[in-house]
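> My structure is stored as final_14.cif, with mmCIF, C-alpha atoms.
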```
data_protein
loop_
_atom_site.label_atom_id
_atom_site.label_comp_id
_atom_site.auth_asym_id
_atom_site.auth_seq_id
_atom_site.Cartn_x
_atom_site.Cartn_y
_atom_site.Cartn_z
CA MET A 1 30.31 -148.50 88.69
CA SER A 2 29.12 -144.90 88.50
CA VAL A 3 27.21 -143.79 91.58
CA PRO A 4 24.41 -141.24 91.07
CA THR A 5 25.04 -138.02 92.96
CA SER A 6 21.75 -138.40 94.78
CA THR A 7 23.08 -141.49 96.58
CA ILE A 8 26.10 -139.66 98.03
CA PRO A 9 25.37 -138.13 101.44
CA SER A 10 27.06 -135.05 102.82
CA ASN A 11 30.15 -136.95 103.99
CA GLY A 12 30.89 -137.89 100.36
CA THR A 13 30.42 -141.64 100.81
CA PRO A 14 27.86 -143.52 98.69
CA SER A 15 24.98 -144.72 100.85
CA ASP A 16 25.64 -148.35 99.88
CA GLY A 17 29.30 -148.07 100.91
CA THR A 18 30.72 -148.66 97.43
CA PRO A 19 33.44 -146.39 96.05
CA SER A 20 32.25 -143.63 93.77
CA SER A 21 33.78 -143.55 90.31
CA GLY A 22 33.85 -142.73 86.80
CA ALA A 23 33.45 -139.26 85.33
CA LEU A 24 36.89 -139.22 83.68
CA SER A 25 38.34 -141.58 81.09
CA ILE A 26 41.76 -143.17 81.39
CA ASP A 27 43.00 -141.19 78.37
CA ASP A 28 41.75 -137.88 79.75
CA ALA A 29 43.22 -138.59 83.18
CA ARG A 30 46.59 -139.49 81.70
CA ARG A 31 46.82 -136.04 80.09
CA GLU A 32 47.13 -134.65 83.62
CA PHE A 33 50.63 -136.11 84.01
CA GLY A 34 53.88 -134.83 82.58
CA ALA A 35 56.60 -137.46 82.96
CA GLY A 36 59.12 -137.53 80.12
CA VAL A 37 60.03 -141.19 80.62
CA ALA A 38 58.29 -144.55 80.51
CA TYR A 39 57.59 -144.65 84.22
CA LEU A 40 57.12 -148.16 85.63
CA ASP A 41 57.98 -147.39 89.26
CA THR A 42 54.72 -146.44 90.96
CA ALA A 43 55.44 -149.19 93.51
CA SER A 44 58.25 -146.88 94.72
CA TYR A 45 56.41 -143.57 94.38
CA GLY A 46 53.50 -142.31 92.32
CA LEU A 47 53.60 -139.44 89.87
CA PRO A 48 51.49 -136.40 90.78
CA PRO A 49 48.88 -135.04 88.39
CA ARG A 50 49.65 -131.45 87.45
CA ALA A 51 46.95 -129.96 89.67
CA ALA A 52 48.29 -131.84 92.70
CA HIS A 53 51.88 -130.87 91.98
CA GLU A 54 50.91 -127.23 91.57
CA ALA A 55 48.81 -127.22 94.75
CA MET A 56 51.78 -128.40 96.81
CA LEU A 57 54.11 -125.86 95.22
CA ALA A 58 51.52 -123.11 95.71
CA ALA A 59 51.30 -123.90 99.42
CA GLU A 60 55.06 -123.61 99.73
CA ARG A 61 55.06 -120.34 97.77
CA ASP A 62 52.40 -119.02 100.14
CA ARG A 63 54.56 -120.02 103.09
CA ALA A 64 57.56 -118.19 101.64
CA ALA A 65 55.38 -115.12 101.11
CA GLY A 66 53.91 -115.27 104.60
CA LEU A 67 50.45 -115.93 103.19
CA LEU A 68 49.92 -119.59 104.11
CA THR A 69 46.83 -120.10 106.29
CA ALA A 70 46.39 -123.09 108.55
CA ARG A 71 42.67 -123.25 107.91
CA ALA A 72 43.24 -123.63 104.16
CA MET A 73 45.58 -126.53 104.89
CA ASP A 74 42.99 -128.07 107.20
CA GLU A 75 40.61 -128.00 104.26
CA ALA A 76 43.13 -130.02 102.23
CA VAL A 77 43.25 -132.66 104.97
CA THR A 78 39.46 -132.80 105.05
CA ARG A 79 39.28 -133.13 101.25
CA SER A 80 41.89 -135.89 101.30
CA ARG A 81 40.07 -137.79 104.05
CA ALA A 82 36.78 -137.59 102.17
CA ALA A 83 38.32 -138.56 98.82
CA PHE A 84 40.09 -141.57 100.36
CA ALA A 85 36.84 -142.63 102.03
CA ARG A 86 34.97 -142.47 98.70
CA LEU A 87 37.73 -144.43 96.95
CA LEU A 88 37.61 -147.22 99.56
CA GLY A 89 33.85 -147.17 100.10
CA VAL A 90 33.97 -146.28 103.79
CA ALA A 91 32.65 -143.40 105.87
CA ALA A 92 34.90 -140.37 106.25
CA GLU A 93 34.39 -140.38 110.03
CA HIS A 94 36.05 -143.82 110.05
CA VAL A 95 39.28 -142.49 108.49
CA ALA A 96 42.29 -141.22 110.44
CA CYS A 97 45.12 -139.25 108.81
CA GLY A 98 48.79 -139.44 109.70
CA PRO A 99 52.25 -139.53 108.15
CA GLN A 100 53.38 -143.18 108.02
CA VAL A 101 52.14 -146.78 108.04
CA SER A 102 54.33 -147.72 111.00
CA TYR A 103 52.59 -145.17 113.27
CA PHE A 104 49.15 -146.66 112.69
CA THR A 105 50.51 -150.22 112.83
CA GLY A 106 52.09 -149.27 116.14
CA LEU A 107 48.68 -148.26 117.50
CA VAL A 108 47.34 -151.70 116.61
CA ALA A 109 50.37 -153.35 118.24
CA ALA A 110 49.85 -151.25 121.38
CA SER A 111 46.20 -152.33 121.57
CA LEU A 112 46.98 -156.04 121.76
CA PRO A 113 47.09 -157.79 125.14
CA ALA A 114 50.32 -159.34 126.38
CA GLY A 115 50.68 -162.87 125.06
CA ALA A 116 48.78 -162.19 121.84
CA THR A 117 49.90 -163.97 118.66
CA VAL A 118 50.25 -162.09 115.37
CA LEU A 119 50.38 -163.97 112.07
CA THR A 120 52.22 -162.34 109.16
CA ALA A 121 53.42 -163.20 105.65
CA GLU A 122 57.05 -164.13 105.15
CA GLY A 123 59.00 -161.24 103.64
CA ASP A 124 56.25 -158.65 104.09
CA PHE A 125 57.17 -154.97 104.39
CA THR A 126 58.84 -154.06 107.67
CA SER A 127 56.61 -151.05 108.40
CA LEU A 128 53.86 -153.62 108.89
CA LEU A 129 55.97 -156.21 110.73
CA TRP A 130 58.36 -154.36 113.00
CA PRO A 131 55.87 -152.56 115.26
CA PHE A 132 54.68 -156.00 116.38
CA ALA A 133 58.17 -157.46 116.61
CA ALA A 134 59.29 -154.47 118.69
CA ARG A 135 56.42 -154.78 121.18
CA PRO A 136 57.45 -156.96 124.17
CA GLY A 137 55.04 -159.72 125.06
CA LEU A 138 53.75 -160.48 121.56
CA THR A 139 54.43 -163.62 119.54
CA VAL A 140 54.93 -162.93 115.83
CA ARG A 141 54.75 -165.85 113.40
CA SER A 142 55.46 -165.70 109.66
CA VAL A 143 54.26 -168.18 107.04
CA PRO A 144 54.22 -168.05 103.23
CA LEU A 145 51.54 -165.67 101.96
CA GLU A 146 49.43 -168.38 100.35
CA GLU A 147 49.43 -170.44 103.56
CA ILE A 148 47.92 -167.78 105.82
CA PRO A 149 44.31 -169.07 105.60
CA ASP A 150 45.42 -172.59 106.57
CA ALA A 151 47.64 -171.25 109.36
CA LEU A 152 44.66 -169.36 110.75
CA GLY A 153 42.78 -172.63 110.74
CA THR A 154 45.11 -174.06 113.38
CA GLY A 155 43.78 -171.51 115.89
CA GLY A 156 45.63 -169.52 118.48
CA VAL A 157 46.02 -166.40 116.32
CA ASP A 158 44.74 -163.08 117.65
CA LEU A 159 45.61 -160.91 114.66
CA VAL A 160 46.67 -161.46 111.06
CA ALA A 161 48.64 -158.53 109.64
CA VAL A 162 49.29 -158.74 105.92
CA SER A 163 49.75 -156.58 102.84
CA ALA A 164 46.98 -156.81 100.27
CA VAL A 165 49.71 -156.75 97.61
CA GLN A 166 53.28 -157.71 98.38
CA SER A 167 55.78 -154.92 97.82
CA GLY A 168 58.61 -157.17 96.65
CA ASP A 169 56.87 -159.09 93.89
CA GLY A 170 53.26 -157.93 93.54
CA ARG A 171 51.56 -161.10 94.76
CA ILE A 172 47.97 -160.50 95.85
CA ALA A 173 46.88 -161.89 99.20
CA PRO A 174 44.12 -164.54 99.13
CA MET A 175 41.79 -162.07 100.78
CA ASP A 176 38.48 -163.94 100.55
CA ALA A 177 39.97 -167.08 102.09
CA LEU A 178 41.93 -165.06 104.64
CA ILE A 179 38.86 -163.12 105.77
CA ALA A 180 36.76 -166.28 106.02
CA ALA A 181 39.42 -168.10 108.05
CA ALA A 182 40.00 -165.15 110.38
CA ARG A 183 36.28 -164.79 111.07
CA ALA A 184 35.87 -168.52 111.64
CA HIS A 185 38.66 -168.58 114.22
CA GLY A 186 38.16 -165.27 116.00
CA ALA A 187 41.21 -163.41 114.66
CA ARG A 188 41.23 -159.76 113.76
CA ILE A 189 42.67 -158.48 110.47
CA LEU A 190 45.04 -155.60 109.73
CA LEU A 191 45.37 -155.09 105.97
CA ASP A 192 48.16 -152.93 104.57
CA ALA A 193 46.85 -151.51 101.30
CA THR A 194 49.86 -149.36 100.43
CA GLN A 195 50.60 -151.34 97.25
CA ALA A 196 46.92 -151.90 96.44
CA ALA A 197 44.66 -148.92 97.16
CA GLY A 198 44.09 -146.90 94.01
CA TRP A 199 44.14 -149.83 91.58
CA LEU A 200 42.84 -152.98 93.31
CA PRO A 201 39.26 -153.31 94.57
CA LEU A 202 39.57 -153.92 98.32
CA PRO A 203 37.28 -155.40 101.00
CA ALA A 204 37.79 -152.37 103.22
CA ARG A 205 34.60 -152.88 105.22
CA GLN A 206 35.30 -156.57 105.82
CA VAL A 207 38.55 -156.12 107.74
CA ASP A 208 39.07 -154.69 111.20
CA TRP A 209 41.74 -152.18 110.17
CA LEU A 210 43.15 -151.05 106.85
CA VAL A 211 46.25 -148.86 106.67
CA CYS A 212 47.58 -147.23 103.51
CA GLY A 213 50.57 -145.06 102.73
CA GLY A 214 49.52 -142.35 100.30
CA TYR A 215 52.62 -141.78 98.19
CA LYS A 216 52.47 -144.77 95.84
CA TRP A 217 49.33 -145.79 93.93
CA LEU A 218 47.36 -142.94 95.53
CA LEU A 219 49.77 -140.50 93.83
CA GLY A 220 50.42 -138.34 96.88
CA PRO A 221 53.65 -136.86 98.25
CA ARG A 222 55.52 -138.70 100.99
CA GLY A 223 54.06 -137.80 104.36
CA THR A 224 50.42 -138.86 103.95
CA CYS A 225 48.88 -142.04 105.31
CA PHE A 226 45.38 -143.27 106.15
CA LEU A 227 43.85 -145.68 108.64
CA THR A 228 40.29 -146.93 108.48
CA GLY A 229 38.40 -149.74 110.14
CA THR A 230 35.23 -150.80 111.84
CA PRO A 231 33.99 -148.51 114.61
CA GLU A 232 34.59 -151.25 117.18
CA ALA A 233 38.16 -151.89 116.02
CA LEU A 234 39.00 -148.19 115.83
CA ASP A 235 37.66 -147.67 119.35
CA ALA A 236 40.10 -150.33 120.58
CA LEU A 237 43.13 -148.29 119.53
CA PRO A 238 44.84 -146.13 122.17
CA PRO A 239 45.37 -142.52 121.01
CA ILE A 240 48.93 -142.54 122.37
CA GLY A 241 50.08 -139.98 119.80
CA ALA A 242 47.20 -137.61 120.50
CA GLY A 243 47.92 -133.93 120.10
CA TRP A 244 46.00 -130.82 119.22
CA TYR A 245 45.02 -132.16 115.79
CA ALA A 246 43.15 -135.06 117.42
CA GLY A 247 40.84 -132.66 119.24
CA ALA A 248 37.09 -132.48 118.78
CA ASP A 249 37.52 -128.83 117.81
CA ILE A 250 41.05 -128.59 116.41
CA TRP A 251 41.54 -124.89 117.03
CA ASP A 252 40.09 -125.11 120.54
CA SER A 253 42.44 -127.98 121.41
CA VAL A 254 45.82 -126.29 121.35
CA TYR A 255 46.15 -125.48 125.07
CA GLY A 256 45.44 -127.10 128.39
CA LEU A 257 43.32 -129.81 129.91
CA PRO A 258 40.89 -131.51 130.05
CA LEU A 259 41.36 -134.06 127.30
CA ARG A 260 38.80 -133.36 124.56
CA LEU A 261 39.43 -135.76 121.70
CA ALA A 262 37.35 -136.08 118.54
CA PRO A 263 34.61 -138.69 118.92
CA ASP A 264 35.47 -140.45 115.64
CA ALA A 265 38.63 -141.68 113.91
CA ARG A 266 40.11 -138.19 114.00
CA ARG A 267 41.12 -138.92 117.60
CA LEU A 268 43.97 -140.93 116.03
CA ASP A 269 45.15 -138.13 113.69
CA LEU A 270 48.62 -136.67 113.90
CA SER A 271 49.37 -133.04 113.14
CA PRO A 272 49.72 -132.91 109.33
CA ALA A 273 52.63 -131.82 107.18
CA TRP A 274 50.41 -129.24 105.51
CA GLN A 275 51.99 -128.99 102.07
CA CYS A 276 51.81 -132.78 101.64
CA TRP A 277 48.06 -132.78 102.13
CA ALA A 278 47.63 -129.79 99.82
CA GLY A 279 49.35 -131.90 97.17
CA HIS A 280 47.37 -135.05 97.87
CA ALA A 281 43.75 -133.90 97.78
CA PRO A 282 43.65 -133.21 93.99
CA ALA A 283 45.37 -136.53 93.24
CA LEU A 284 42.86 -138.53 95.26
CA GLU A 285 39.99 -136.67 93.65
CA LEU A 286 41.37 -137.46 90.20
CA LEU A 287 41.57 -141.17 91.03
CA GLY A 288 38.00 -141.03 92.28
CA ARG A 289 36.79 -139.48 89.04
CA VAL A 290 38.32 -142.33 87.04
CA GLY A 291 37.30 -145.06 89.50
CA VAL A 292 39.17 -148.08 90.83
CA PRO A 293 37.46 -150.61 88.50
CA ALA A 294 38.60 -148.75 85.37
CA ILE A 295 42.10 -148.25 86.76
CA HIS A 296 42.32 -151.94 87.72
CA ASP A 297 41.36 -153.04 84.22
CA HIS A 298 43.82 -150.62 82.65
CA ASN A 299 46.73 -151.56 84.92
CA THR A 300 46.30 -155.31 84.70
CA ALA A 301 45.84 -155.20 80.91
CA LEU A 302 49.19 -153.43 80.60
CA ALA A 303 50.81 -155.93 82.96
CA ARG A 304 49.47 -158.81 80.86
CA ARG A 305 50.77 -157.15 77.69
CA PHE A 306 54.19 -156.82 79.30
CA ARG A 307 54.21 -160.43 80.46
CA ALA A 308 53.19 -161.68 77.02
CA ALA A 309 55.87 -159.61 75.32
CA LEU A 310 58.56 -161.22 77.48
CA GLY A 311 57.16 -164.74 77.47
CA LEU A 312 56.35 -164.57 81.19
CA PRO A 313 53.51 -166.61 82.71
CA PRO A 314 50.14 -164.87 83.14
CA GLY A 315 49.40 -162.93 86.31
CA ASP A 316 46.68 -160.86 87.98
CA SER A 317 48.77 -158.08 89.53
CA ALA A 318 49.73 -154.60 88.35
CA ILE A 319 53.27 -155.37 89.58
CA VAL A 320 55.48 -157.71 87.55
CA PRO A 321 58.82 -158.98 88.91
CA VAL A 322 61.47 -159.93 86.33
CA PRO A 323 64.73 -161.75 87.20
CA VAL A 324 67.50 -159.66 85.62
CA PRO A 325 71.29 -159.33 85.86
CA ALA A 326 72.89 -156.55 87.86
CA GLY A 327 72.85 -153.18 86.15
CA THR A 328 69.56 -153.73 84.29
CA ALA A 329 67.73 -150.88 86.01
CA GLU A 330 70.53 -148.51 85.02
CA THR A 331 70.43 -149.75 81.42
CA LEU A 332 66.68 -149.14 81.27
CA ARG A 333 66.98 -145.69 82.79
CA ALA A 334 69.54 -144.76 80.14
CA GLY A 335 66.96 -145.85 77.57
CA GLY A 336 64.18 -143.75 79.09
CA VAL A 337 62.47 -146.47 81.17
CA VAL A 338 62.31 -146.16 84.97
CA ALA A 339 61.80 -149.21 87.20
CA SER A 340 63.38 -150.42 90.44
CA VAL A 341 65.05 -153.55 91.75
CA ARG A 342 63.55 -155.21 94.82
CA ALA A 343 64.42 -158.59 96.35
CA GLY A 344 66.83 -159.28 93.49
CA ARG A 345 64.30 -158.72 90.70
CA LEU A 346 63.31 -155.82 88.49
CA ARG A 347 59.95 -154.61 89.78
CA CYS A 348 57.78 -153.11 87.04
CA ALA A 349 54.58 -151.37 88.12
CA PHE A 350 51.81 -150.33 85.71
CA HIS A 351 49.41 -147.56 86.67
CA LEU A 352 47.14 -144.86 85.31
CA THR A 353 50.16 -142.93 84.04
CA THR A 354 51.44 -145.87 81.91
CA THR A 355 50.73 -146.33 78.18
CA GLU A 356 50.98 -149.29 75.82
CA ALA A 357 53.92 -147.52 74.20
CA ASP A 358 55.65 -147.46 77.59
CA VAL A 359 55.09 -151.19 77.96
CA ASP A 360 56.42 -151.97 74.51
CA LYS A 361 59.47 -149.78 75.01
CA ALA A 362 60.33 -151.49 78.29
CA ALA A 363 59.76 -154.96 76.88
CA GLY A 364 61.88 -154.13 73.85
CA LEU A 365 64.80 -153.10 76.05
CA LEU A 366 64.41 -156.06 78.38
CA ALA A 367 64.00 -158.87 75.86
CA PRO A 368 67.66 -159.09 74.81
CA ILE A 369 68.81 -158.67 78.42
CA ILE A 370 66.83 -161.59 79.79
CA GLY A 371 67.39 -163.71 76.70
CA THR A 372 63.89 -164.19 75.38
CA GLY A 373 62.40 -163.53 71.99
CA ARG A 374 59.95 -160.70 72.24
CA ALA A 375 56.45 -161.69 71.27
CA ASP A 376 54.07 -159.30 69.58
CA PRO A 377 52.01 -158.04 72.55
CA ARG A 378 48.99 -157.40 70.37
#
```
Would you write the structure of this file as structure tokens?


Amino acid sequence: MSVPTSTIPSNGTPSDGTPSSGALSIDDARREFGAGVAYLDTASYGLPPRAAHEAMLAAERDRAAGLLTARAMDEAVTRSRAAFARLLGVAAEHVACGPQVSYFTGLVAASLPAGATVLTAEGDFTSLLWPFAARPGLTVRSVPLEEIPDALGTGGVDLVAVSAVQSGDGRIAPMDALIAAARAHGARILLDATQAAGWLPLPARQVDWLVCGGYKWLLGPRGTCFLTGTPEALDALPPIGAGWYAGADIWDSVYGLPLRLAPDARRLDLSPAWQCWAGHAPALELLGRVGVPAIHDHNTALARRFRAALGLPPGDSAIVPVPVPAGTAETLRAGGVVASVRAGRLRCAFHLTTTEADVDKAAGLLAPIIGTGRADPR
């Protein structure tokens, strides 16, 4: 849905909390990318649009020339924070910036009282699981993804920590049922949106915390990550990594006491790897111009085309797992198609950068390998 400019306040977030979208078509956006292969591996890392790639290189060239300025890099962090907030439909002051999912997950783990029980999905990504498992005094239980709402119904759970989309196979969490069950039984929710933000509409304002690595579907370099949440839940997190970048006035926070943290989510920021944020701001802004609803429709349509071409059952995810023999990823790469193997299956991910021709090329190479007749995807 396109949001009129008049409804967007100075922090860049629509007044109704919905993500802004839609001044750029899928076709126009795709012209901003320059991959020379059929790239189906966004679930491993996203491709940068040209402007984002050049911005990161320009920052490094400025560093080599002695011309890099910290304040210009701070502006890139601010732009990235605001663009992420618009994309998720949250307020920018409720967004913290850091380098990795495990850091923010660790803050949530550190905030829990001894004896707390954390419910997770079996086989979820370890950056979400291990900070809880490594914290003494917590009980961590895992159940199949689809059973999480029922497991919450048994009570005794303080926090459910789950990925919105599973990294290994692309399954989407039953978020409506999960949220309803958690609220009914007094459990908080930590949602990892690393494999979801950028293509899947998310209930960001209905969960306590949402964490998201920036280098996959958000098309950023490695080294960017976001945390958002409700004001109450964010206030519960201890700023145990606080440094100068968490200060109320960053450049007046580099020396000495007393503690003078930012009053909002910035109190949880870590000092940024500057070039990474220079390269992420333009990518996030591009995604915002296209809009998550349009990207979702594009991605899932390509995934359905791919499934149909290989005779696979229908699905609702932009990630499609395909059982394949060893060496299949290498065979595809030799044919100009890039995908990865995870959990014993070829993981094919379809994003803004993917075309129907890419889908058909991949399906054509895969059909004889997996022993199915290739249907006409049209």

> Enumerate, as a list in words, the protein, DNA and RNA residues whose atoms approach (32.3, -151.1, 104.7) to within 8 Å, taking into account all atoms listed in the file and the coordinate frame of the file.

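Within the cut-off we find Gly17, Thr18, Gly89, Val90, Ala91, Pro203, Ala204, Arg205, Gln206 and Thr230 of chain A.
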
> Point out the residue among A:Arg30, A:Arg171, A:His280, A:His185 with the least atom-to-atom distance to Arg81 (chain A), counting only C-alpha atoms.

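Closest to Arg81 (chain A), using only C-alpha atoms: A:His280.
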
> Excluding region 310-327 of chain A and any residue of its chain fewer than 6 positions from it, enumerate the residues within 8 Å of it, using only C-alpha atoms, and give them as a ChimeraX atom specification.

/A:43,168-172,296,299-300,302-304,344-351,363,366-367,369-370,372-375

> Tell me which protein, DNA and RNA residues are within 9 Å of region 208-220 of chain A, counting all atoms listed in the file, leaving out same-chain ones fewer than 4 positions away, and put them as a PyMOL selection string.

chain A and resi 41-49+52+84+99-101+104-105+108+188-199+204+224-234+276-277+279-284+287+351-352

> Of the candidates A:Arg222, A:Arg342, A:Arg135, A:Arg31, which one gets nearest to Ala110 (chain A) if we count all atoms listed in the file?

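Using all atoms listed in the file, the shortest distance to Ala110 (chain A) belongs to A:Arg135.
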
> So the first atom is CA of Leu268 (chain A) and the second is CA of Thr117 (chain A); what is the distance between them in Å, to one decimal place?

23.9 Å

> Determine, counting all atoms listed in the file, which protein, DNA and RNA residues have an atom within 12 Å of an atom of Thr126 (chain A); residues of the same chain fewer than 2 positions away are not included. Present the result as a compact mmCIF listing (two decimals) with C-alpha atoms, in the coordinates of the input.


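The resulting file, selection.txt, is reproduced below:
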```txt
# COMPACT_ATOMS: atom_id res chain seq x y z
CA VAL A 101 52.14 -146.78 108.04
CA SER A 102 54.33 -147.72 111.00
CA THR A 105 50.51 -150.22 112.83
CA GLY A 106 52.09 -149.27 116.14
CA THR A 120 52.22 -162.34 109.16
CA ALA A 121 53.42 -163.20 105.65
CA GLU A 122 57.05 -164.13 105.15
CA GLY A 123 59.00 -161.24 103.64
CA ASP A 124 56.25 -158.65 104.09
CA LEU A 128 53.86 -153.62 108.89
CA LEU A 129 55.97 -156.21 110.73
CA TRP A 130 58.36 -154.36 113.00
CA PRO A 131 55.87 -152.56 115.26
CA PHE A 132 54.68 -156.00 116.38
CA ALA A 133 58.17 -157.46 116.61
CA ALA A 134 59.29 -154.47 118.69
CA ALA A 161 48.64 -158.53 109.64
CA VAL A 162 49.29 -158.74 105.92
CA SER A 163 49.75 -156.58 102.84
CA GLN A 166 53.28 -157.71 98.38
CA SER A 167 55.78 -154.92 97.82
CA GLY A 168 58.61 -157.17 96.65
CA ASP A 192 48.16 -152.93 104.57
```

> So that I can see what lies close to Ile148 (chain A), please list as a ChimeraX atom specification the residues with an atom at most 9 Å from it, counting only C-alpha atoms and leaving out residues fewer than 4 positions away in the same chain.

/A:119-121,142-144,152-153,160,173-174,177-178,181

> Write the residues of the preceding selection, restricted to C-alpha atoms, as a PDB file, in the frame of the given file.


```
ATOM      1  CA  LEU A 119      50.380-163.970 112.070  1.00  0.00           C
ATOM      2  CA  THR A 120      52.220-162.340 109.160  1.00  0.00           C
ATOM      3  CA  ALA A 121      53.420-163.200 105.650  1.00  0.00           C
ATOM      4  CA  SER A 142      55.460-165.700 109.660  1.00  0.00           C
ATOM      5  CA  VAL A 143      54.260-168.180 107.040  1.00  0.00           C
ATOM      6  CA  PRO A 144      54.220-168.050 103.230  1.00  0.00           C
ATOM      7  CA  LEU A 152      44.660-169.360 110.750  1.00  0.00           C
ATOM      8  CA  GLY A 153      42.780-172.630 110.740  1.00  0.00           C
ATOM      9  CA  VAL A 160      46.670-161.460 111.060  1.00  0.00           C
ATOM     10  CA  ALA A 173      46.880-161.890  99.200  1.00  0.00           C
ATOM     11  CA  PRO A 174      44.120-164.540  99.130  1.00  0.00           C
ATOM     12  CA  ALA A 177      39.970-167.080 102.090  1.00  0.00           C
ATOM     13  CA  LEU A 178      41.930-165.060 104.640  1.00  0.00           C
ATOM     14  CA  ALA A 181      39.420-168.100 108.050  1.00  0.00           C
TER      15      ALA A 181
END
```

> Pick from A:Arg289, A:Arg86, A:His94, A:Arg50: nearest to Arg266 (chain A), with all atoms listed in the file counted?

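Counting all atoms listed in the file, the residue closest to Arg266 (chain A) is A:His94.
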
> Evaluate the PyMOL selection byres ((chain A and resi 82) around 9) against this structure - the residues, as a ChimeraX atom specification, please.

/A:11-13,77-81,83-87,91-93,95

> Which residue out of A:Leu40, A:Ala308, A:Leu159, A:Ala35 has the minimum interatomic distance to Ala339 (chain A) when all atoms listed in the file are used?

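Using all atoms listed in the file, the shortest distance to Ala339 (chain A) belongs to A:Leu40.
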
> In Å, how far is it from CA of Ala265 (chain A) to CA of Gly241 (chain A)?

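Those two atoms sit 13.0 Å apart.
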
> Could you write out as a short mmCIF file (atom, residue, chain, number, x, y, z; two decimals) with C-alpha atoms, in the frame of the given file the residues that the PyMOL selection byres ((chain A and resi 58) around 12) matches in the shown file?


```cif
data_model
loop_
_atom_site.label_atom_id
_atom_site.label_comp_id
_atom_site.auth_asym_id
_atom_site.auth_seq_id
_atom_site.Cartn_x
_atom_site.Cartn_y
_atom_site.Cartn_z
CA ARG A 50 49.65 -131.45 87.45
CA ALA A 51 46.95 -129.96 89.67
CA ALA A 52 48.29 -131.84 92.70
CA HIS A 53 51.88 -130.87 91.98
CA GLU A 54 50.91 -127.23 91.57
CA ALA A 55 48.81 -127.22 94.75
CA MET A 56 51.78 -128.40 96.81
CA LEU A 57 54.11 -125.86 95.22
CA ALA A 59 51.30 -123.90 99.42
CA GLU A 60 55.06 -123.61 99.73
CA ARG A 61 55.06 -120.34 97.77
CA ASP A 62 52.40 -119.02 100.14
CA ARG A 63 54.56 -120.02 103.09
CA ALA A 64 57.56 -118.19 101.64
CA ALA A 65 55.38 -115.12 101.11
CA LEU A 67 50.45 -115.93 103.19
CA LEU A 68 49.92 -119.59 104.11
CA THR A 69 46.83 -120.10 106.29
CA ALA A 72 43.24 -123.63 104.16
CA MET A 73 45.58 -126.53 104.89
CA TRP A 274 50.41 -129.24 105.51
CA GLN A 275 51.99 -128.99 102.07
CA CYS A 276 51.81 -132.78 101.64
CA ALA A 278 47.63 -129.79 99.82
CA GLY A 279 49.35 -131.90 97.17
#
```

> Box in all listed atoms of region 357-367 of chain A, axis-aligned, with 4 Å more on each side; write out centre and edge lengths in Å to one decimal as lines of an AutoDock Vina configuration file.


```
center_x = 59.4
center_y = -153.2
center_z = 76.1
size_x = 18.9
size_y = 19.4
size_z = 12.5
```

> Going by the chain IDs and residue numbers used in this file, which residues fall under the PyMOL selection byres ((chain A and resi 245) around 9)? Write them as a short mmCIF file (atom, residue, chain, number, x, y, z; two decimals) with C-alpha atoms, keeping the file's coordinate frame.


```cif
data_model
loop_
_atom_site.label_atom_id
_atom_site.label_comp_id
_atom_site.auth_asym_id
_atom_site.auth_seq_id
_atom_site.Cartn_x
_atom_site.Cartn_y
_atom_site.Cartn_z
CA ALA A 242 47.20 -137.61 120.50
CA GLY A 243 47.92 -133.93 120.10
CA TRP A 244 46.00 -130.82 119.22
CA ALA A 246 43.15 -135.06 117.42
CA GLY A 247 40.84 -132.66 119.24
CA ALA A 248 37.09 -132.48 118.78
CA ASP A 249 37.52 -128.83 117.81
CA ILE A 250 41.05 -128.59 116.41
CA TRP A 251 41.54 -124.89 117.03
CA SER A 253 42.44 -127.98 121.41
CA VAL A 254 45.82 -126.29 121.35
CA LEU A 261 39.43 -135.76 121.70
CA ARG A 266 40.11 -138.19 114.00
CA ARG A 267 41.12 -138.92 117.60
CA LEU A 268 43.97 -140.93 116.03
CA ASP A 269 45.15 -138.13 113.69
CA LEU A 270 48.62 -136.67 113.90
CA SER A 271 49.37 -133.04 113.14
CA PRO A 272 49.72 -132.91 109.33
#
```

> For the atom pair CA of Lys361 (chain A) and CA of Asp27 (chain A), what is the interatomic distance in Å to one decimal place?

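About the pair CA of Lys361 (chain A) and CA of Asp27 (chain A): they are 18.9 Å apart.
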
> Dump C-alpha atoms of region 317-333 of chain A from the given block, as a compact mmCIF listing (two decimals), in the first residue's frame.


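What landed in result-v5.txt:
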```
# COMPACT_ATOMS: atom_id res chain seq x y z
CA SER A 317 7.50 -19.38 1.08
CA ALA A 318 10.13 -17.62 -1.03
CA ILE A 319 12.52 -20.45 -0.05
CA VAL A 320 12.13 -23.87 -1.68
CA PRO A 321 14.08 -26.91 -0.44
CA VAL A 322 14.77 -29.67 -2.98
CA PRO A 323 16.19 -33.11 -2.07
CA VAL A 324 19.15 -33.63 -4.42
CA PRO A 325 22.17 -35.93 -4.70
CA ALA A 326 25.62 -34.77 -3.65
CA GLY A 327 27.31 -32.47 -6.12
CA THR A 328 24.10 -30.85 -7.40
CA ALA A 329 25.02 -27.35 -6.24
CA GLU A 330 28.33 -27.62 -8.09
CA THR A 331 26.56 -28.84 -11.24
CA LEU A 332 24.18 -25.88 -11.11
CA ARG A 333 26.99 -23.41 -10.53
```
